[in-house]
file my_file-v6.pdb (PDB, C-alpha atoms)
MODEL        1
ATOM      1  CA  MET A  34      77.164 137.094  62.749
ATOM      2  CA  THR A  35      75.784 140.523  63.632
ATOM      3  CA  ASP A  36      72.288 141.419  64.704
ATOM      4  CA  THR A  37      70.728 143.593  61.995
ATOM      5  CA  THR A  38      67.467 144.388  63.771
ATOM      6  CA  LYS A  39      66.861 148.080  64.267
ATOM      7  CA  PRO A  40      65.685 149.301  67.646
ATOM      8  CA  PRO A  41      62.161 150.575  67.136
ATOM      9  CA  TYR A  42      61.243 154.201  67.474
ATOM     10  CA  ILE A  43      57.901 155.955  67.466
ATOM     11  CA  VAL A  44      56.633 158.972  65.561
ATOM     12  CA  VAL A  45      53.374 160.578  66.638
ATOM     13  CA  ASP A  46      51.854 162.734  63.885
ATOM     14  CA  ILE A  47      49.356 165.140  65.426
ATOM     15  CA  ALA A  48      48.038 166.340  62.040
ATOM     16  CA  THR A  49      47.017 162.859  60.888
ATOM     17  CA  GLN A  50      46.296 161.506  64.399
ATOM     18  CA  GLN A  51      48.539 158.518  63.757
ATOM     19  CA  LEU A  52      51.261 156.788  65.726
ATOM     20  CA  HIS A  53      53.947 155.034  63.677
ATOM     21  CA  LEU A  54      56.130 152.369  65.285
ATOM     22  CA  ILE A  55      59.122 152.107  62.997
ATOM     23  CA  GLY A  56      61.532 149.197  63.173
ATOM     24  CA  ASP A  57      62.007 146.057  61.116
ATOM     25  CA  VAL A  58      58.237 146.145  60.612
ATOM     26  CA  ILE A  59      56.208 149.365  60.511
ATOM     27  CA  HIS A  60      53.026 149.514  62.568
ATOM     28  CA  ARG A  61      50.507 152.355  62.196
ATOM     29  CA  TYR A  62      47.820 153.120  64.726
ATOM     30  CA  SER A  63      44.980 155.612  64.775
ATOM     31  CA  ILE A  64      45.211 157.750  67.926
ATOM     32  CA  SER A  65      43.687 160.741  69.674
ATOM     33  CA  THR A  66      45.890 163.591  70.894
ATOM     34  CA  ALA A  67      44.866 166.727  72.812
ATOM     35  CA  LEU A  68      41.697 168.631  72.035
ATOM     36  CA  ASN A  69      43.700 171.769  72.974
ATOM     37  CA  GLY A  70      46.344 171.041  70.320
ATOM     38  CA  ALA A  71      50.103 170.898  70.664
ATOM     39  CA  GLY A  72      51.961 172.582  73.501
ATOM     40  CA  GLU A  73      54.332 171.950  76.341
ATOM     41  CA  GLN A  74      53.191 174.201  79.194
ATOM     42  CA  GLN A  75      52.095 172.709  82.499
ATOM     43  CA  GLY A  76      48.314 172.909  82.850
ATOM     44  CA  SER A  77      47.721 173.562  79.143
ATOM     45  CA  GLY A  78      45.938 170.300  78.372
ATOM     46  CA  CYS A  79      48.058 170.114  75.218
ATOM     47  CA  THR A  80      50.062 167.237  73.762
ATOM     48  CA  PRO A  81      53.780 168.042  74.101
ATOM     49  CA  ARG A  82      55.941 168.012  70.993
ATOM     50  CA  GLY A  83      59.517 166.926  70.504
ATOM     51  CA  LYS A  84      61.714 164.032  71.462
ATOM     52  CA  HIS A  85      60.625 161.789  74.304
ATOM     53  CA  ARG A  86      61.390 158.333  75.615
ATOM     54  CA  ILE A  87      59.275 155.716  77.297
ATOM     55  CA  ALA A  88      60.182 156.126  80.956
ATOM     56  CA  GLN A  89      57.929 153.467  82.413
ATOM     57  CA  LYS A  90      55.622 150.690  81.239
ATOM     58  CA  ILE A  91      52.648 150.103  83.514
ATOM     59  CA  GLY A  92      50.008 147.386  83.342
ATOM     60  CA  ALA A  93      51.791 144.305  82.001
ATOM     61  CA  ASN A  94      49.537 141.255  82.203
ATOM     62  CA  GLN A  95      46.464 143.262  83.227
ATOM     63  CA  PRO A  96      43.249 142.309  81.419
ATOM     64  CA  CYS A  97      42.090 144.387  78.480
ATOM     65  CA  ASN A  98      39.950 147.329  79.710
ATOM     66  CA  SER A  99      41.586 147.316  83.159
ATOM     67  CA  VAL A 100      41.012 150.693  84.800
ATOM     68  CA  PHE A 101      43.944 152.727  86.139
ATOM     69  CA  VAL A 102      43.786 155.636  88.557
ATOM     70  CA  GLY A 103      47.045 157.270  89.614
ATOM     71  CA  ARG A 104      48.888 154.638  87.536
ATOM     72  CA  GLU A 105      47.482 151.863  89.732
ATOM     73  CA  ALA A 106      45.082 149.177  88.520
ATOM     74  CA  THR A 107      41.822 149.590  90.445
ATOM     75  CA  GLY A 108      40.618 146.035  89.844
ATOM     76  CA  GLU A 109      37.738 147.419  87.780
ATOM     77  CA  ILE A 110      37.108 146.426  84.169
ATOM     78  CA  TYR A 111      35.643 149.198  82.042
ATOM     79  CA  ASP A 112      32.126 148.620  80.714
ATOM     80  CA  ALA A 113      28.999 150.678  80.014
ATOM     81  CA  ALA A 114      27.735 150.349  83.603
ATOM     82  CA  LEU A 115      31.014 151.652  85.051
ATOM     83  CA  ALA A 116      31.029 154.483  82.490
ATOM     84  CA  ALA A 117      27.501 155.457  83.589
ATOM     85  CA  GLN A 118      28.553 155.349  87.257
ATOM     86  CA  PHE A 119      31.512 157.705  86.626
ATOM     87  CA  PRO A 120      30.488 159.851  83.634
ATOM     88  CA  ASN A 121      33.222 162.495  84.103
ATOM     89  CA  ARG A 122      36.223 160.194  84.558
ATOM     90  CA  ASP A 123      39.078 160.497  82.040
ATOM     91  CA  TRP A 124      39.461 156.762  81.451
ATOM     92  CA  ILE A 125      42.976 155.322  81.385
ATOM     93  CA  LEU A 126      42.682 151.692  80.378
ATOM     94  CA  SER A 127      44.660 148.504  79.639
ATOM     95  CA  ARG A 128      48.263 149.824  79.512
ATOM     96  CA  ILE A 129      50.262 152.983  80.233
ATOM     97  CA  LEU A 130      53.491 154.095  78.568
ATOM     98  CA  TRP A 131      54.669 157.064  80.687
ATOM     99  CA  LEU A 132      56.781 159.551  78.736
ATOM    100  CA  ASP A 133      59.889 161.571  79.617
ATOM    101  CA  GLY A 134      60.688 164.677  77.614
ATOM    102  CA  LEU A 135      64.271 164.746  76.317
ATOM    103  CA  GLU A 136      64.585 168.430  75.385
ATOM    104  CA  PRO A 137      65.582 170.702  78.306
ATOM    105  CA  ALA A 138      63.448 173.857  78.664
ATOM    106  CA  PHE A 139      61.088 172.565  75.934
ATOM    107  CA  ASN A 140      59.486 169.330  77.195
ATOM    108  CA  GLN A 141      61.796 168.696  80.160
ATOM    109  CA  GLY A 142      62.182 170.894  83.237
ATOM    110  CA  ALA A 143      60.189 173.452  85.194
ATOM    111  CA  GLY A 144      56.819 174.398  83.748
ATOM    112  CA  CYS A 145      56.999 172.101  80.715
ATOM    113  CA  ASP A 146      58.064 168.658  81.916
ATOM    114  CA  SER A 147      56.185 165.882  80.101
ATOM    115  CA  HIS A 148      56.844 163.373  82.888
ATOM    116  CA  ALA A 149      55.667 165.753  85.614
ATOM    117  CA  ARG A 150      52.590 166.519  83.462
ATOM    118  CA  TYR A 151      51.774 162.770  83.492
ATOM    119  CA  ILE A 152      51.826 162.483  79.712
ATOM    120  CA  TYR A 153      51.112 158.892  78.684
ATOM    121  CA  ILE A 154      50.272 156.728  75.746
ATOM    122  CA  HIS A 155      47.304 154.772  77.101
ATOM    123  CA  GLY A 156      44.162 152.867  76.268
ATOM    124  CA  THR A 157      40.762 154.536  76.230
ATOM    125  CA  PRO A 158      37.213 153.237  75.868
ATOM    126  CA  ASP A 159      36.736 151.705  72.433
ATOM    127  CA  THR A 160      33.608 153.849  72.084
ATOM    128  CA  GLU A 161      35.805 156.972  71.979
ATOM    129  CA  PRO A 162      36.662 158.192  68.476
ATOM    130  CA  MET A 163      40.163 157.769  67.121
ATOM    131  CA  GLY A 164      41.606 159.932  64.369
ATOM    132  CA  GLU A 165      40.481 163.155  66.009
ATOM    133  CA  ALA A 166      41.943 165.257  68.806
ATOM    134  CA  ARG A 167      39.918 164.633  71.985
ATOM    135  CA  SER A 168      42.349 163.936  74.862
ATOM    136  CA  HIS A 169      43.489 166.110  77.777
ATOM    137  CA  GLY A 170      47.123 165.956  76.589
ATOM    138  CA  CYS A 171      47.908 162.249  76.491
ATOM    139  CA  ILE A 172      47.992 160.036  73.433
ATOM    140  CA  ARG A 173      44.946 157.768  73.502
ATOM    141  CA  MET A 174      44.774 154.463  71.661
ATOM    142  CA  ARG A 175      42.319 151.618  71.187
ATOM    143  CA  ASN A 176      42.869 148.995  73.886
ATOM    144  CA  ALA A 177      43.995 146.201  71.548
ATOM    145  CA  ASP A 178      46.412 148.628  69.864
ATOM    146  CA  VAL A 179      47.991 149.899  73.087
ATOM    147  CA  ILE A 180      48.421 146.325  74.332
ATOM    148  CA  GLU A 181      50.153 145.399  71.058
ATOM    149  CA  LEU A 182      52.374 148.507  71.192
ATOM    150  CA  PHE A 183      53.206 147.853  74.864
ATOM    151  CA  ASP A 184      54.487 144.393  73.929
ATOM    152  CA  LEU A 185      56.579 145.718  71.017
ATOM    153  CA  VAL A 186      58.505 148.467  72.848
ATOM    154  CA  GLU A 187      60.814 148.690  75.833
ATOM    155  CA  VAL A 188      61.530 151.307  78.465
ATOM    156  CA  GLY A 189      63.904 153.722  76.733
ATOM    157  CA  THR A 190      62.245 153.508  73.308
ATOM    158  CA  VAL A 191      62.546 156.957  71.713
ATOM    159  CA  LEU A 192      59.636 158.783  70.173
ATOM    160  CA  ASN A 193      59.159 162.076  68.419
ATOM    161  CA  ILE A 194      55.856 163.923  68.652
ATOM    162  CA  VAL A 195      55.457 166.229  65.660
ATOM    163  CA  GLU A 196      52.690 168.553  64.492
ATOM    164  CA  SER A 197      52.954 167.121  60.988
ATOM    165  CA  LEU A 198      55.145 164.686  59.064
ATOM    166  CA  ALA A 199      54.386 166.620  55.875
TER     167      ALA A 199
ENDMDL
END
call {"tool": "encode", "arguments": {"input": "my_file-v6.pdb", "output": "structure tokens"}}
result
Amino acid sequence: MTDTTKPPYIVVDIATQQLHLIGDVIHRYSISTALNGAGEQQGSGCTPRGKHRIAQKIGANQPCNSVFVGREATGEIYDAALAAQFPNRDWILSRILWLDGLEPAFNQGAGCDSHARYIYIHGTPDTEPMGEARSHGCIRMRNADVIELFDLVEVGTVLNIVESLA
């Protein structure tokens, strides 16, 4: 008997601000990509396009709303009081899926490397809007959604970030 399950892959559609996890079951999530649009250059604040893979999964078994700084859990749990204490922090919460670009000289290598740019799929405060571009380059998700996605994918899962599926 052969295993007929398909390995999942991810498509991020910048135009619709949706992430699609495609496998035996399709999951769709509302997301937030970069306010500055699509682009690969270091320091651009843009969401990089093209083929990527999940290089590292960070935050397994952390509580929902766990705060991460430098990819390390701080022990803090995000709430309104913490938000008021640090009003300018770019909140990275619950889980991190750190991405590697797979296209040399486009999203991999000097000046454009997604991994070196610290491009993640990560949780964000649930008060932040989804479905509109607001991030600094990463792909933001609701905390429950990023926890679900984290549990459904493995290191090495391939994703394609496109400006539009249309």
call {"tool": "residues_around", "arguments": {"input": "my_file-v6.pdb", "residues": "segment 158-172 of chain A", "least_positions_apart": "2", "cutoff": "9 Å", "atoms": "all atoms listed in the file", "output": "number ranges by chain"}}
result
A: 45, 47, 49-52, 63-72, 77-81, 98, 111-112, 123-126, 150-156, 174-176
call {"tool": "axis_aligned_box", "arguments": {"input": "my_file-v6.pdb", "around": "segment 90-96 of chain A", "padding_each_side": "5 Å", "output": "lines of an AutoDock Vina configuration file"}}
result
center_x = 49.4
center_y = 146.0
center_z = 82.4
size_x = 22.4
size_y = 19.4
size_z = 12.3
call {"tool": "closest_residue", "arguments": {"input": "my_file-v6.pdb", "among": "A:Pro40, A:Ala113, A:Glu73, A:Val188", "to": "Ile59 of chain A", "atoms": "only C-alpha atoms"}}
result
A:Pro40
call {"tool": "residues_near_point", "arguments": {"input": "my_file-v6.pdb", "point": "(65.6, 155.2, 75.7)", "cutoff": "9 Å", "atoms": "only C-alpha atoms", "output": "ChimeraX atom specification"}}
result
/A:85-88,187-192
call {"tool": "closest_residue", "arguments": {"input": "my_file-v6.pdb", "among": "A:Arg173, A:Gln89, A:Gln75, A:Ile129", "to": "Val102 of chain A", "atoms": "only C-alpha atoms"}}
result
A:Ile129
call {"tool": "resolve_selection", "arguments": {"input": "my_file-v6.pdb", "expression": "the PyMOL selection byres ((chain A and resi 144) around 7)", "output": "compact mmCIF listing (two decimals) with C-alpha atoms, keeping the file's coordinate frame"}}
result
# COMPACT_ATOMS: atom_id res chain seq x y z
CA GLN A 74 53.19 174.20 79.19
CA GLN A 75 52.10 172.71 82.50
CA GLY A 142 62.18 170.89 83.24
CA ALA A 143 60.19 173.45 85.19
CA CYS A 145 57.00 172.10 80.72
CA ASP A 146 58.06 168.66 81.92
call {"tool": "atom_distance", "arguments": {"input": "my_file-v6.pdb", "atom1": "atom CA of Leu132 of chain A", "atom2": "atom CA of Ile194 of chain A"}}
result
11.0 Å
call {"tool": "atom_distance", "arguments": {"input": "my_file-v6.pdb", "atom1": "atom CA of Gly56 of chain A", "atom2": "atom CA of Cys97 of chain A"}}
result
25.2 Å
call {"tool": "residues_around", "arguments": {"input": "my_file-v6.pdb", "residues": "Leu185 of chain A", "least_positions_apart": "2", "cutoff": "12 Å", "atoms": "all atoms listed in the file", "output": "PyMOL selection string"}}
result
chain A and resi 40-43+54-60+90+130+178-183+187-188+190
call {"tool": "closest_residue", "arguments": {"input": "my_file-v6.pdb", "among": "A:Arg104, A:Ala177, A:Leu198, A:Glu109", "to": "Tyr62 of chain A", "atoms": "only C-alpha atoms"}}
result
A:Ala177
